[in-house]
file target-v1.cif (mmCIF, C-alpha atoms and all ligand atoms; chains and numbers go by the auth columns)
data_my_file
loop_
_atom_site.group_PDB
_atom_site.id
_atom_site.type_symbol
_atom_site.label_atom_id
_atom_site.label_comp_id
_atom_site.label_asym_id
_atom_site.label_seq_id
_atom_site.Cartn_x
_atom_site.Cartn_y
_atom_site.Cartn_z
_atom_site.B_iso_or_equiv
_atom_site.auth_seq_id
_atom_site.auth_asym_id
ATOM 1 C CA MET A 1 -33.364 141.738 104.758 0.00 1 D
ATOM 2 C CA SER A 2 -35.173 142.331 108.037 0.00 2 D
ATOM 3 C CA GLU A 3 -35.714 145.764 109.520 0.00 3 D
ATOM 4 C CA THR A 4 -33.472 144.842 112.409 0.00 4 D
ATOM 5 C CA SER A 5 -30.410 144.744 110.196 0.00 5 D
ATOM 6 C CA THR A 6 -28.004 147.032 111.890 0.00 6 D
ATOM 7 C CA LYS A 7 -25.625 149.374 110.204 0.00 7 D
ATOM 8 C CA LEU A 8 -22.412 148.964 112.100 0.00 8 D
ATOM 9 C CA ASP A 9 -20.728 151.991 113.498 0.00 9 D
ATOM 10 C CA PHE A 10 -17.092 151.013 113.580 0.00 10 D
ATOM 11 C CA ARG A 11 -16.310 153.923 115.902 0.00 11 D
ATOM 12 C CA VAL A 12 -18.495 152.229 118.504 0.00 12 D
ATOM 13 C CA LEU A 13 -16.590 149.007 118.003 0.00 13 D
ATOM 14 C CA ASP A 14 -13.273 150.827 118.282 0.00 14 D
ATOM 15 C CA GLU A 15 -14.416 152.404 121.550 0.00 15 D
ATOM 16 C CA ILE A 16 -15.226 148.967 122.917 0.00 16 D
ATOM 17 C CA LEU A 17 -11.908 147.537 121.749 0.00 17 D
ATOM 18 C CA LYS A 18 -10.066 150.497 123.216 0.00 18 D
ATOM 19 C CA THR A 19 -11.742 149.907 126.597 0.00 19 D
ATOM 20 C CA TYR A 20 -10.212 146.460 126.598 0.00 20 D
ATOM 21 C CA GLU A 21 -6.891 147.678 125.183 0.00 21 D
ATOM 22 C CA TYR A 22 -7.318 145.480 122.130 0.00 22 D
ATOM 23 C CA LYS A 23 -6.304 142.494 124.269 0.00 23 D
ATOM 24 C CA LYS A 24 -7.442 139.079 123.183 0.00 24 D
ATOM 25 C CA SER A 25 -7.781 137.931 126.802 0.00 25 D
ATOM 26 C CA TYR A 26 -10.822 140.244 127.047 0.00 26 D
ATOM 27 C CA LEU A 27 -12.583 138.766 124.057 0.00 27 D
ATOM 28 C CA ILE A 28 -15.623 137.548 126.013 0.00 28 D
ATOM 29 C CA ALA A 29 -16.096 140.962 127.636 0.00 29 D
ATOM 30 C CA MET A 30 -15.752 142.657 124.244 0.00 30 D
ATOM 31 C CA LEU A 31 -18.393 140.389 122.764 0.00 31 D
ATOM 32 C CA GLN A 32 -20.708 141.038 125.724 0.00 32 D
ATOM 33 C CA ASN A 33 -20.340 144.778 125.140 0.00 33 D
ATOM 34 C CA VAL A 34 -21.032 144.462 121.441 0.00 34 D
ATOM 35 C CA GLN A 35 -24.122 142.402 122.223 0.00 35 D
ATOM 36 C CA GLU A 36 -25.321 145.040 124.684 0.00 36 D
ATOM 37 C CA VAL A 37 -25.130 147.650 121.933 0.00 37 D
ATOM 38 C CA TYR A 38 -26.675 145.665 119.076 0.00 38 D
ATOM 39 C CA ARG A 39 -28.671 143.046 121.049 0.00 39 D
ATOM 40 C CA TYR A 40 -26.800 140.374 119.063 0.00 40 D
ATOM 41 C CA LEU A 41 -23.401 139.817 117.506 0.00 41 D
ATOM 42 C CA PRO A 42 -23.395 141.044 113.920 0.00 42 D
ATOM 43 C CA GLU A 43 -21.089 139.025 111.694 0.00 43 D
ATOM 44 C CA GLU A 44 -19.208 142.164 110.574 0.00 44 D
ATOM 45 C CA ALA A 45 -18.472 142.995 114.218 0.00 45 D
ATOM 46 C CA MET A 46 -16.962 139.560 114.838 0.00 46 D
ATOM 47 C CA THR A 47 -14.854 139.881 111.688 0.00 47 D
ATOM 48 C CA TYR A 48 -13.737 143.362 112.719 0.00 48 D
ATOM 49 C CA ILE A 49 -12.669 142.218 116.174 0.00 49 D
ATOM 50 C CA GLY A 50 -10.870 139.231 114.670 0.00 50 D
ATOM 51 C CA GLU A 51 -8.917 141.510 112.360 0.00 51 D
ATOM 52 C CA LYS A 52 -8.157 144.296 114.838 0.00 52 D
ATOM 53 C CA VAL A 53 -7.116 142.360 117.917 0.00 53 D
ATOM 54 C CA ASP A 54 -3.642 140.867 117.880 0.00 54 D
ATOM 55 C CA GLY A 55 -3.613 137.117 118.135 0.00 55 D
ATOM 56 C CA LEU A 56 -7.227 136.674 117.052 0.00 56 D
ATOM 57 C CA SER A 57 -8.801 135.856 113.711 0.00 57 D
ATOM 58 C CA PRO A 58 -12.408 136.182 112.555 0.00 58 D
ATOM 59 C CA ALA A 59 -12.692 132.374 112.756 0.00 59 D
ATOM 60 C CA THR A 60 -11.528 132.358 116.385 0.00 60 D
ATOM 61 C CA VAL A 61 -14.002 135.077 117.353 0.00 61 D
ATOM 62 C CA TYR A 62 -16.807 133.257 115.582 0.00 62 D
ATOM 63 C CA GLY A 63 -15.807 129.994 117.305 0.00 63 D
ATOM 64 C CA VAL A 64 -15.954 131.615 120.750 0.00 64 D
ATOM 65 C CA ALA A 65 -19.243 133.381 119.991 0.00 65 D
ATOM 66 C CA THR A 66 -20.921 130.165 118.910 0.00 66 D
ATOM 67 C CA PHE A 67 -19.571 128.210 121.886 0.00 67 D
ATOM 68 C CA TYR A 68 -21.328 130.315 124.525 0.00 68 D
ATOM 69 C CA ALA A 69 -25.108 130.178 124.748 0.00 69 D
ATOM 70 C CA GLN A 70 -25.205 133.769 126.059 0.00 70 D
ATOM 71 C CA PHE A 71 -24.304 135.082 122.603 0.00 71 D
ATOM 72 C CA SER A 72 -26.857 135.461 119.876 0.00 72 D
ATOM 73 C CA LEU A 73 -25.792 135.529 116.251 0.00 73 D
ATOM 74 C CA GLU A 74 -29.310 136.455 115.191 0.00 74 D
ATOM 75 C CA PRO A 75 -30.874 139.857 115.774 0.00 75 D
ATOM 76 C CA LYS A 76 -33.086 139.885 118.868 0.00 76 D
ATOM 77 C CA GLY A 77 -36.454 141.528 118.823 0.00 77 D
ATOM 78 C CA LYS A 78 -37.564 144.466 120.922 0.00 78 D
ATOM 79 C CA TYR A 79 -39.642 141.832 122.704 0.00 79 D
ATOM 80 C CA GLU A 80 -37.598 138.797 123.652 0.00 80 D
ATOM 81 C CA ILE A 81 -39.994 135.965 124.307 0.00 81 D
ATOM 82 C CA ARG A 82 -38.727 133.018 126.290 0.00 82 D
ATOM 83 C CA VAL A 83 -40.873 129.913 126.492 0.00 83 D
ATOM 84 C CA CYS A 84 -39.968 127.302 129.035 0.00 84 D
ATOM 85 C CA ASP A 85 -40.077 123.732 127.824 0.00 85 D
ATOM 86 C CA GLY A 86 -38.595 122.158 130.930 0.00 86 D
ATOM 87 C CA THR A 87 -40.285 119.076 132.353 0.00 87 D
ATOM 88 C CA ALA A 88 -42.853 120.864 134.547 0.00 88 D
ATOM 89 C CA CYS A 89 -43.831 123.249 131.779 0.00 89 D
ATOM 90 C CA HIS A 90 -43.795 120.582 129.097 0.00 90 D
ATOM 91 C CA VAL A 91 -46.215 118.291 130.916 0.00 91 D
ATOM 92 C CA ARG A 92 -48.519 121.219 131.650 0.00 92 D
ATOM 93 C CA GLY A 93 -48.747 122.314 128.048 0.00 93 D
ATOM 94 C CA SER A 94 -45.824 124.440 126.898 0.00 94 D
ATOM 95 C CA MET A 95 -45.994 123.052 123.366 0.00 95 D
ATOM 96 C CA PRO A 96 -49.410 124.525 122.460 0.00 96 D
ATOM 97 C CA VAL A 97 -48.174 127.872 123.807 0.00 97 D
ATOM 98 C CA LEU A 98 -45.014 127.629 121.751 0.00 98 D
ATOM 99 C CA ASN A 99 -46.946 126.678 118.635 0.00 99 D
ATOM 100 C CA ALA A 100 -49.363 129.576 119.121 0.00 100 D
ATOM 101 C CA ILE A 101 -46.426 131.986 119.254 0.00 101 D
ATOM 102 C CA LYS A 102 -44.798 130.475 116.175 0.00 102 D
ATOM 103 C CA ASN A 103 -48.059 130.630 114.232 0.00 103 D
ATOM 104 C CA LYS A 104 -48.866 134.185 115.207 0.00 104 D
ATOM 105 C CA LEU A 105 -45.388 135.505 114.464 0.00 105 D
ATOM 106 C CA ASN A 106 -44.668 133.221 111.523 0.00 106 D
ATOM 107 C CA LEU A 107 -41.627 131.676 113.158 0.00 107 D
ATOM 108 C CA SER A 108 -40.041 128.272 112.746 0.00 108 D
ATOM 109 C CA GLU A 109 -37.015 126.293 113.941 0.00 109 D
ATOM 110 C CA GLY A 110 -34.612 128.186 111.715 0.00 110 D
ATOM 111 C CA LYS A 111 -36.347 131.538 112.021 0.00 111 D
ATOM 112 C CA MET A 112 -36.741 132.780 115.561 0.00 112 D
ATOM 113 C CA THR A 113 -37.125 136.512 114.928 0.00 113 D
ATOM 114 C CA SER A 114 -40.268 137.985 113.382 0.00 114 D
ATOM 115 C CA ASP A 115 -40.022 139.652 109.966 0.00 115 D
ATOM 116 C CA ASN A 116 -40.733 143.068 111.460 0.00 116 D
ATOM 117 C CA GLY A 117 -37.893 142.543 113.919 0.00 117 D
ATOM 118 C CA LEU A 118 -40.111 143.187 116.927 0.00 118 D
ATOM 119 C CA PHE A 119 -40.242 139.718 118.427 0.00 119 D
ATOM 120 C CA SER A 120 -37.700 137.016 118.973 0.00 120 D
ATOM 121 C CA LEU A 121 -38.319 133.622 120.466 0.00 121 D
ATOM 122 C CA GLU A 122 -36.127 131.413 122.559 0.00 122 D
ATOM 123 C CA ILE A 123 -36.921 128.053 124.090 0.00 123 D
ATOM 124 C CA VAL A 124 -35.374 127.525 127.500 0.00 124 D
ATOM 125 C CA SER A 125 -35.233 124.585 129.861 0.00 125 D
ATOM 126 C CA CYS A 126 -36.321 126.252 133.119 0.00 126 D
ATOM 127 C CA LEU A 127 -37.246 129.756 134.191 0.00 127 D
ATOM 128 C CA GLY A 128 -37.142 128.910 137.871 0.00 128 D
ATOM 129 C CA ALA A 129 -40.893 129.180 138.327 0.00 129 D
ATOM 130 C CA CYS A 130 -41.924 125.546 137.844 0.00 130 D
ATOM 131 C CA GLY A 131 -44.873 125.895 140.253 0.00 131 D
ATOM 132 C CA LEU A 132 -46.419 128.372 137.806 0.00 132 D
ATOM 133 C CA ALA A 133 -45.995 126.139 134.755 0.00 133 D
ATOM 134 C CA PRO A 134 -46.277 126.585 131.883 0.00 134 D
ATOM 135 C CA VAL A 135 -44.283 129.787 132.066 0.00 135 D
ATOM 136 C CA CYS A 136 -43.198 132.362 129.493 0.00 136 D
ATOM 137 C CA MET A 137 -41.247 135.561 129.834 0.00 137 D
ATOM 138 C CA ILE A 138 -41.397 138.610 127.620 0.00 138 D
ATOM 139 C CA ASN A 139 -38.357 140.710 128.366 0.00 139 D
ATOM 140 C CA ASP A 140 -38.292 140.837 132.188 0.00 140 D
ATOM 141 C CA LYS A 141 -41.941 140.044 132.798 0.00 141 D
ATOM 142 C CA VAL A 142 -43.014 136.553 133.834 0.00 142 D
ATOM 143 C CA TYR A 143 -46.289 135.170 132.487 0.00 143 D
ATOM 144 C CA PRO A 144 -47.500 132.216 134.586 0.00 144 D
ATOM 145 C CA GLN A 145 -49.892 129.409 133.629 0.00 145 D
ATOM 146 C CA MET A 146 -49.899 130.312 129.985 0.00 146 D
ATOM 147 C CA THR A 147 -52.315 128.946 127.460 0.00 147 D
ATOM 148 C CA SER A 148 -52.282 129.342 123.711 0.00 148 D
ATOM 149 C CA ASP A 149 -55.269 131.709 123.962 0.00 149 D
ATOM 150 C CA ALA A 150 -53.650 133.840 126.664 0.00 150 D
ATOM 151 C CA ILE A 151 -50.361 134.247 124.825 0.00 151 D
ATOM 152 C CA SER A 152 -52.225 135.118 121.619 0.00 152 D
ATOM 153 C CA ILE A 153 -54.061 137.910 123.414 0.00 153 D
ATOM 154 C CA ILE A 154 -50.814 139.191 124.928 0.00 154 D
ATOM 155 C CA LEU A 155 -49.109 139.217 121.527 0.00 155 D
ATOM 156 C CA ASP A 156 -52.124 140.881 119.902 0.00 156 D
ATOM 157 C CA THR A 157 -51.972 143.606 122.532 0.00 157 D
ATOM 158 C CA LEU A 158 -48.260 144.195 122.007 0.00 158 D
ATOM 159 C CA MET A 159 -48.703 144.237 118.227 0.00 159 D
ATOM 160 C CA LYS A 160 -51.509 146.749 118.556 0.00 160 D
ATOM 161 C CA GLU A 161 -49.356 148.944 120.794 0.00 161 D
ATOM 162 C CA GLU A 162 -46.615 148.776 118.173 0.00 162 D
ATOM 163 C CA GLY A 163 -49.039 149.563 115.366 0.00 163 D
ATOM 164 C CA VAL A 164 -48.412 146.291 113.553 0.00 164 D
ATOM 165 C CA ALA A 165 -51.661 144.481 114.383 0.00 165 D
HETATM 166 S S1 LIG B . -39.666 123.785 134.063 0.00 201 I
HETATM 167 FE FE1 LIG B . -40.579 125.608 133.351 0.00 201 I
HETATM 168 S S2 LIG B . -40.164 127.031 134.905 0.00 201 I
HETATM 169 FE FE2 LIG B . -39.118 125.278 135.536 0.00 201 I
#

call {"tool": "encode", "arguments": {"input": "target-v1.cif", "output": "structure tokens"}}
result
Amino acid sequence: MSETSTKLDFRVLDEILKTYEYKKSYLIAMLQNVQEVYRYLPEEAMTYIGEKVDGLSPATVYGVATFYAQFSLEPKGKYEIRVCDGTACHVRGSMPVLNAIKNKLNLSEGKMTSDNGLFSLEIVSCLGACGLAPVCMINDKVYPQMTSDAISIILDTLMKEEGVA
């Protein structure tokens, strides 16, 4: 199990549910709040909401959570890396950048969070900075004109800062 596994505090969940008066019409807002706390939607939280809120079931909550791209069912890392693979970025070399990240962090299609829980990777279709392609973001910071060498150095630096280099 990864280090990001979160022990759920059901009191926190109850506080969130109370804020929304346990009403199923606020399900999306409840899920957004849960994701703000845990940085993803833990399965136990979805089950809990499905059982506690009248008119919902765990299956319904899960169905809604998987429908919306804004919700993550996987733990996110402290560093959320977004790599753009939109047309402008793709033709200017986003794939080598993406592969460098995957290699360095030992990630793959089905595994987008690093074992130490520090980094998570998401591929997006445009970051709104096509003139700077290929573009990556790490949390809120934009990294223009990325290359596989540049992103490797950036990741090395972050890993060193975190003491995991
Ligand atoms: S296509 Fe990559 S930023 Fe727009």

call {"tool": "residues_near_ligand", "arguments": {"input": "target-v1.cif", "ligand": "ligand LIG 201 (chain I)", "cutoff": "6 Å", "atoms": "only C-alpha atoms and all ligand atoms", "output": "VMD selection string"}}
result
chain D and resid 84 to 89 126 to 130 133 to 135

call {"tool": "resolve_selection", "arguments": {"input": "target-v1.cif", "expression": "the PyMOL selection byres (((chain D and resi 23) around 12) and not hetatm)", "output": "PDB file with C-alpha atoms, in the frame of the given file"}}
result
ATOM      1  CA  ILE D  16     -15.226 148.967 122.917  1.00  0.00           C
ATOM      2  CA  LEU D  17     -11.908 147.537 121.749  1.00  0.00           C
ATOM      3  CA  LYS D  18     -10.066 150.497 123.216  1.00  0.00           C
ATOM      4  CA  THR D  19     -11.742 149.907 126.597  1.00  0.00           C
ATOM      5  CA  TYR D  20     -10.212 146.460 126.598  1.00  0.00           C
ATOM      6  CA  GLU D  21      -6.891 147.678 125.183  1.00  0.00           C
ATOM      7  CA  TYR D  22      -7.318 145.480 122.130  1.00  0.00           C
ATOM      8  CA  LYS D  24      -7.442 139.079 123.183  1.00  0.00           C
ATOM      9  CA  SER D  25      -7.781 137.931 126.802  1.00  0.00           C
ATOM     10  CA  TYR D  26     -10.822 140.244 127.047  1.00  0.00           C
ATOM     11  CA  LEU D  27     -12.583 138.766 124.057  1.00  0.00           C
ATOM     12  CA  ILE D  28     -15.623 137.548 126.013  1.00  0.00           C
ATOM     13  CA  ALA D  29     -16.096 140.962 127.636  1.00  0.00           C
ATOM     14  CA  MET D  30     -15.752 142.657 124.244  1.00  0.00           C
ATOM     15  CA  ILE D  49     -12.669 142.218 116.174  1.00  0.00           C
ATOM     16  CA  GLY D  50     -10.870 139.231 114.670  1.00  0.00           C
ATOM     17  CA  LYS D  52      -8.157 144.296 114.838  1.00  0.00           C
ATOM     18  CA  VAL D  53      -7.116 142.360 117.917  1.00  0.00           C
ATOM     19  CA  ASP D  54      -3.642 140.867 117.880  1.00  0.00           C
ATOM     20  CA  GLY D  55      -3.613 137.117 118.135  1.00  0.00           C
ATOM     21  CA  LEU D  56      -7.227 136.674 117.052  1.00  0.00           C
TER      22      LEU D  56
END

call {"tool": "closest_residue", "arguments": {"input": "target-v1.cif", "among": "D:Ala165, D:Ala59, D:Leu105, D:Met137", "to": "D:Glu122", "atoms": "all atoms listed in the file"}}
result
D:Met137

call {"tool": "axis_aligned_box", "arguments": {"input": "target-v1.cif", "around": "stretch 10-25 of chain D", "padding_each_side": "4 Å", "output": "JSON"}}
result
{"center_x": -12.4, "center_y": 145.9, "center_z": 120.2, "size_x": 20.2, "size_y": 24.0, "size_z": 21.2}

call {"tool": "resolve_selection", "arguments": {"input": "target-v1.cif", "expression": "the PyMOL selection byres (((chain D and resi 38) around 12) and not hetatm)", "output": "ChimeraX atom specification"}}
result
/D:4-9,12-13,31-37,39-45,71-78

call {"tool": "atom_distance", "arguments": {"input": "target-v1.cif", "atom1": "atom CA of D:Val164", "atom2": "atom CA of D:Pro144"}}
result
25.3 Å

call {"tool": "closest_residue", "arguments": {"input": "target-v1.cif", "among": "D:Glu80, D:Glu162, D:Asp140, D:Asp156", "to": "D:Met112", "atoms": "only C-alpha atoms"}}
result
D:Glu80

call {"tool": "closest_residue", "arguments": {"input": "target-v1.cif", "among": "D:Glu51, D:Ile101, D:Met95, D:Gln70", "to": "D:Ile153", "atoms": "only C-alpha atoms"}}
result
D:Ile101

call {"tool": "decode", "arguments": {"input": "target-v1.cif", "residues": "stretch 74-113 of chain D", "atoms": "N, CA and C atoms", "output": "PDB file, in the first residue's frame"}}
result
ATOM      1  N   GLU D  74      -7.888   8.169  -7.509  1.00  0.00           N
ATOM      2  CA  GLU D  74      -6.535   7.745  -7.106  1.00  0.00           C
ATOM      3  C   GLU D  74      -5.916   8.845  -6.266  1.00  0.00           C
ATOM      4  N   PRO D  75      -5.125   8.494  -5.263  1.00  0.00           N
ATOM      5  CA  PRO D  75      -4.463   9.539  -4.489  1.00  0.00           C
ATOM      6  C   PRO D  75      -3.598  10.417  -5.392  1.00  0.00           C
ATOM      7  N   LYS D  76      -3.649  11.726  -5.152  1.00  0.00           N
ATOM      8  CA  LYS D  76      -2.789  12.649  -5.900  1.00  0.00           C
ATOM      9  C   LYS D  76      -1.520  12.875  -5.102  1.00  0.00           C
ATOM     10  N   GLY D  77      -0.453  13.169  -5.819  1.00  0.00           N
ATOM     11  CA  GLY D  77       0.796  13.431  -5.135  1.00  0.00           C
ATOM     12  C   GLY D  77       0.858  14.853  -4.590  1.00  0.00           C
ATOM     13  N   LYS D  78       1.856  15.088  -3.757  1.00  0.00           N
ATOM     14  CA  LYS D  78       2.106  16.462  -3.301  1.00  0.00           C
ATOM     15  C   LYS D  78       2.396  17.355  -4.511  1.00  0.00           C
ATOM     16  N   TYR D  79       3.072  16.750  -5.504  1.00  0.00           N
ATOM     17  CA  TYR D  79       3.349  17.455  -6.750  1.00  0.00           C
ATOM     18  C   TYR D  79       2.468  16.852  -7.839  1.00  0.00           C
ATOM     19  N   GLU D  80       1.517  17.648  -8.308  1.00  0.00           N
ATOM     20  CA  GLU D  80       0.646  17.180  -9.378  1.00  0.00           C
ATOM     21  C   GLU D  80       1.221  17.671 -10.709  1.00  0.00           C
ATOM     22  N   ILE D  81       1.715  16.718 -11.465  1.00  0.00           N
ATOM     23  CA  ILE D  81       2.333  17.075 -12.745  1.00  0.00           C
ATOM     24  C   ILE D  81       1.290  16.927 -13.843  1.00  0.00           C
ATOM     25  N   ARG D  82       1.132  17.970 -14.627  1.00  0.00           N
ATOM     26  CA  ARG D  82       0.241  17.870 -15.781  1.00  0.00           C
ATOM     27  C   ARG D  82       1.066  18.075 -17.043  1.00  0.00           C
ATOM     28  N   VAL D  83       0.987  17.124 -17.939  1.00  0.00           N
ATOM     29  CA  VAL D  83       1.703  17.227 -19.207  1.00  0.00           C
ATOM     30  C   VAL D  83       0.667  17.423 -20.296  1.00  0.00           C
ATOM     31  N   CYS D  84       0.869  18.454 -21.089  1.00  0.00           N
ATOM     32  CA  CYS D  84      -0.060  18.689 -22.183  1.00  0.00           C
ATOM     33  C   CYS D  84       0.327  17.830 -23.386  1.00  0.00           C
ATOM     34  N   ASP D  85      -0.664  17.127 -23.906  1.00  0.00           N
ATOM     35  CA  ASP D  85      -0.444  16.391 -25.148  1.00  0.00           C
ATOM     36  C   ASP D  85      -1.458  16.831 -26.201  1.00  0.00           C
ATOM     37  N   GLY D  86      -1.820  18.104 -26.140  1.00  0.00           N
ATOM     38  CA  GLY D  86      -2.657  18.673 -27.202  1.00  0.00           C
ATOM     39  C   GLY D  86      -1.839  18.776 -28.479  1.00  0.00           C
ATOM     40  N   THR D  87      -2.482  19.188 -29.558  1.00  0.00           N
ATOM     41  CA  THR D  87      -1.820  19.148 -30.870  1.00  0.00           C
ATOM     42  C   THR D  87      -0.506  19.932 -30.878  1.00  0.00           C
ATOM     43  N   ALA D  88      -0.540  21.182 -30.411  1.00  0.00           N
ATOM     44  CA  ALA D  88       0.672  22.017 -30.462  1.00  0.00           C
ATOM     45  C   ALA D  88       1.796  21.371 -29.661  1.00  0.00           C
ATOM     46  N   CYS D  89       1.463  20.879 -28.494  1.00  0.00           N
ATOM     47  CA  CYS D  89       2.497  20.275 -27.644  1.00  0.00           C
ATOM     48  C   CYS D  89       2.958  18.938 -28.213  1.00  0.00           C
ATOM     49  N   HIS D  90       2.006  18.191 -28.757  1.00  0.00           N
ATOM     50  CA  HIS D  90       2.369  16.875 -29.297  1.00  0.00           C
ATOM     51  C   HIS D  90       3.373  17.015 -30.442  1.00  0.00           C
ATOM     52  N   VAL D  91       3.093  17.930 -31.370  1.00  0.00           N
ATOM     53  CA  VAL D  91       4.003  18.045 -32.519  1.00  0.00           C
ATOM     54  C   VAL D  91       5.358  18.635 -32.110  1.00  0.00           C
ATOM     55  N   ARG D  92       5.388  19.313 -30.992  1.00  0.00           N
ATOM     56  CA  ARG D  92       6.679  19.889 -30.556  1.00  0.00           C
ATOM     57  C   ARG D  92       7.364  19.023 -29.493  1.00  0.00           C
ATOM     58  N   GLY D  93       6.871  17.811 -29.322  1.00  0.00           N
ATOM     59  CA  GLY D  93       7.660  16.877 -28.510  1.00  0.00           C
ATOM     60  C   GLY D  93       7.182  16.607 -27.092  1.00  0.00           C
ATOM     61  N   SER D  94       5.869  16.551 -26.887  1.00  0.00           N
ATOM     62  CA  SER D  94       5.405  16.241 -25.527  1.00  0.00           C
ATOM     63  C   SER D  94       5.674  14.787 -25.142  1.00  0.00           C
ATOM     64  N   MET D  95       5.702  13.891 -26.140  1.00  0.00           N
ATOM     65  CA  MET D  95       5.850  12.477 -25.788  1.00  0.00           C
ATOM     66  C   MET D  95       7.195  12.154 -25.121  1.00  0.00           C
ATOM     67  N   PRO D  96       8.312  12.659 -25.637  1.00  0.00           N
ATOM     68  CA  PRO D  96       9.581  12.397 -24.933  1.00  0.00           C
ATOM     69  C   PRO D  96       9.573  12.942 -23.500  1.00  0.00           C
ATOM     70  N   VAL D  97       8.905  14.072 -23.307  1.00  0.00           N
ATOM     71  CA  VAL D  97       8.810  14.655 -21.957  1.00  0.00           C
ATOM     72  C   VAL D  97       8.005  13.722 -21.062  1.00  0.00           C
ATOM     73  N   LEU D  98       6.886  13.274 -21.597  1.00  0.00           N
ATOM     74  CA  LEU D  98       6.015  12.371 -20.841  1.00  0.00           C
ATOM     75  C   LEU D  98       6.763  11.078 -20.490  1.00  0.00           C
ATOM     76  N   ASN D  99       7.457  10.547 -21.475  1.00  0.00           N
ATOM     77  CA  ASN D  99       8.187   9.292 -21.224  1.00  0.00           C
ATOM     78  C   ASN D  99       9.294   9.473 -20.192  1.00  0.00           C
ATOM     79  N   ALA D 100       9.938  10.637 -20.222  1.00  0.00           N
ATOM     80  CA  ALA D 100      11.005  10.903 -19.240  1.00  0.00           C
ATOM     81  C   ALA D 100      10.415  10.915 -17.830  1.00  0.00           C
ATOM     82  N   ILE D 101       9.244  11.509 -17.702  1.00  0.00           N
ATOM     83  CA  ILE D 101       8.593  11.566 -16.378  1.00  0.00           C
ATOM     84  C   ILE D 101       8.232  10.158 -15.930  1.00  0.00           C
ATOM     85  N   LYS D 102       7.614   9.405 -16.834  1.00  0.00           N
ATOM     86  CA  LYS D 102       7.201   8.035 -16.478  1.00  0.00           C
ATOM     87  C   LYS D 102       8.408   7.205 -16.066  1.00  0.00           C
ATOM     88  N   ASN D 103       9.488   7.324 -16.812  1.00  0.00           N
ATOM     89  CA  ASN D 103      10.691   6.535 -16.494  1.00  0.00           C
ATOM     90  C   ASN D 103      11.252   6.927 -15.139  1.00  0.00           C
ATOM     91  N   LYS D 104      11.374   8.217 -14.926  1.00  0.00           N
ATOM     92  CA  LYS D 104      11.998   8.684 -13.681  1.00  0.00           C
ATOM     93  C   LYS D 104      11.173   8.303 -12.462  1.00  0.00           C
ATOM     94  N   LEU D 105       9.852   8.354 -12.608  1.00  0.00           N
ATOM     95  CA  LEU D 105       8.989   8.121 -11.440  1.00  0.00           C
ATOM     96  C   LEU D 105       8.385   6.719 -11.439  1.00  0.00           C
ATOM     97  N   ASN D 106       8.797   5.918 -12.422  1.00  0.00           N
ATOM     98  CA  ASN D 106       8.310   4.544 -12.505  1.00  0.00           C
ATOM     99  C   ASN D 106       6.781   4.500 -12.598  1.00  0.00           C
ATOM    100  N   LEU D 107       6.266   5.265 -13.535  1.00  0.00           N
ATOM    101  CA  LEU D 107       4.817   5.318 -13.733  1.00  0.00           C
ATOM    102  C   LEU D 107       4.449   4.625 -15.042  1.00  0.00           C
ATOM    103  N   SER D 108       3.179   4.300 -15.162  1.00  0.00           N
ATOM    104  CA  SER D 108       2.697   3.683 -16.398  1.00  0.00           C
ATOM    105  C   SER D 108       1.232   4.041 -16.568  1.00  0.00           C
ATOM    106  N   GLU D 109       0.612   3.558 -17.629  1.00  0.00           N
ATOM    107  CA  GLU D 109      -0.796   3.901 -17.899  1.00  0.00           C
ATOM    108  C   GLU D 109      -1.697   3.685 -16.675  1.00  0.00           C
ATOM    109  N   GLY D 110      -1.541   2.529 -16.046  1.00  0.00           N
ATOM    110  CA  GLY D 110      -2.426   2.221 -14.927  1.00  0.00           C
ATOM    111  C   GLY D 110      -1.907   2.703 -13.579  1.00  0.00           C
ATOM    112  N   LYS D 111      -0.749   3.336 -13.584  1.00  0.00           N
ATOM    113  CA  LYS D 111      -0.155   3.753 -12.312  1.00  0.00           C
ATOM    114  C   LYS D 111       0.372   5.169 -12.485  1.00  0.00           C
ATOM    115  N   MET D 112      -0.421   6.135 -12.053  1.00  0.00           N
ATOM    116  CA  MET D 112      -0.082   7.525 -12.318  1.00  0.00           C
ATOM    117  C   MET D 112       0.365   8.268 -11.060  1.00  0.00           C
ATOM    118  N   THR D 113       0.558   7.554  -9.970  1.00  0.00           N
ATOM    119  CA  THR D 113       1.095   8.182  -8.759  1.00  0.00           C
ATOM    120  C   THR D 113       2.345   7.414  -8.348  1.00  0.00           C
TER     121      THR D 113
END
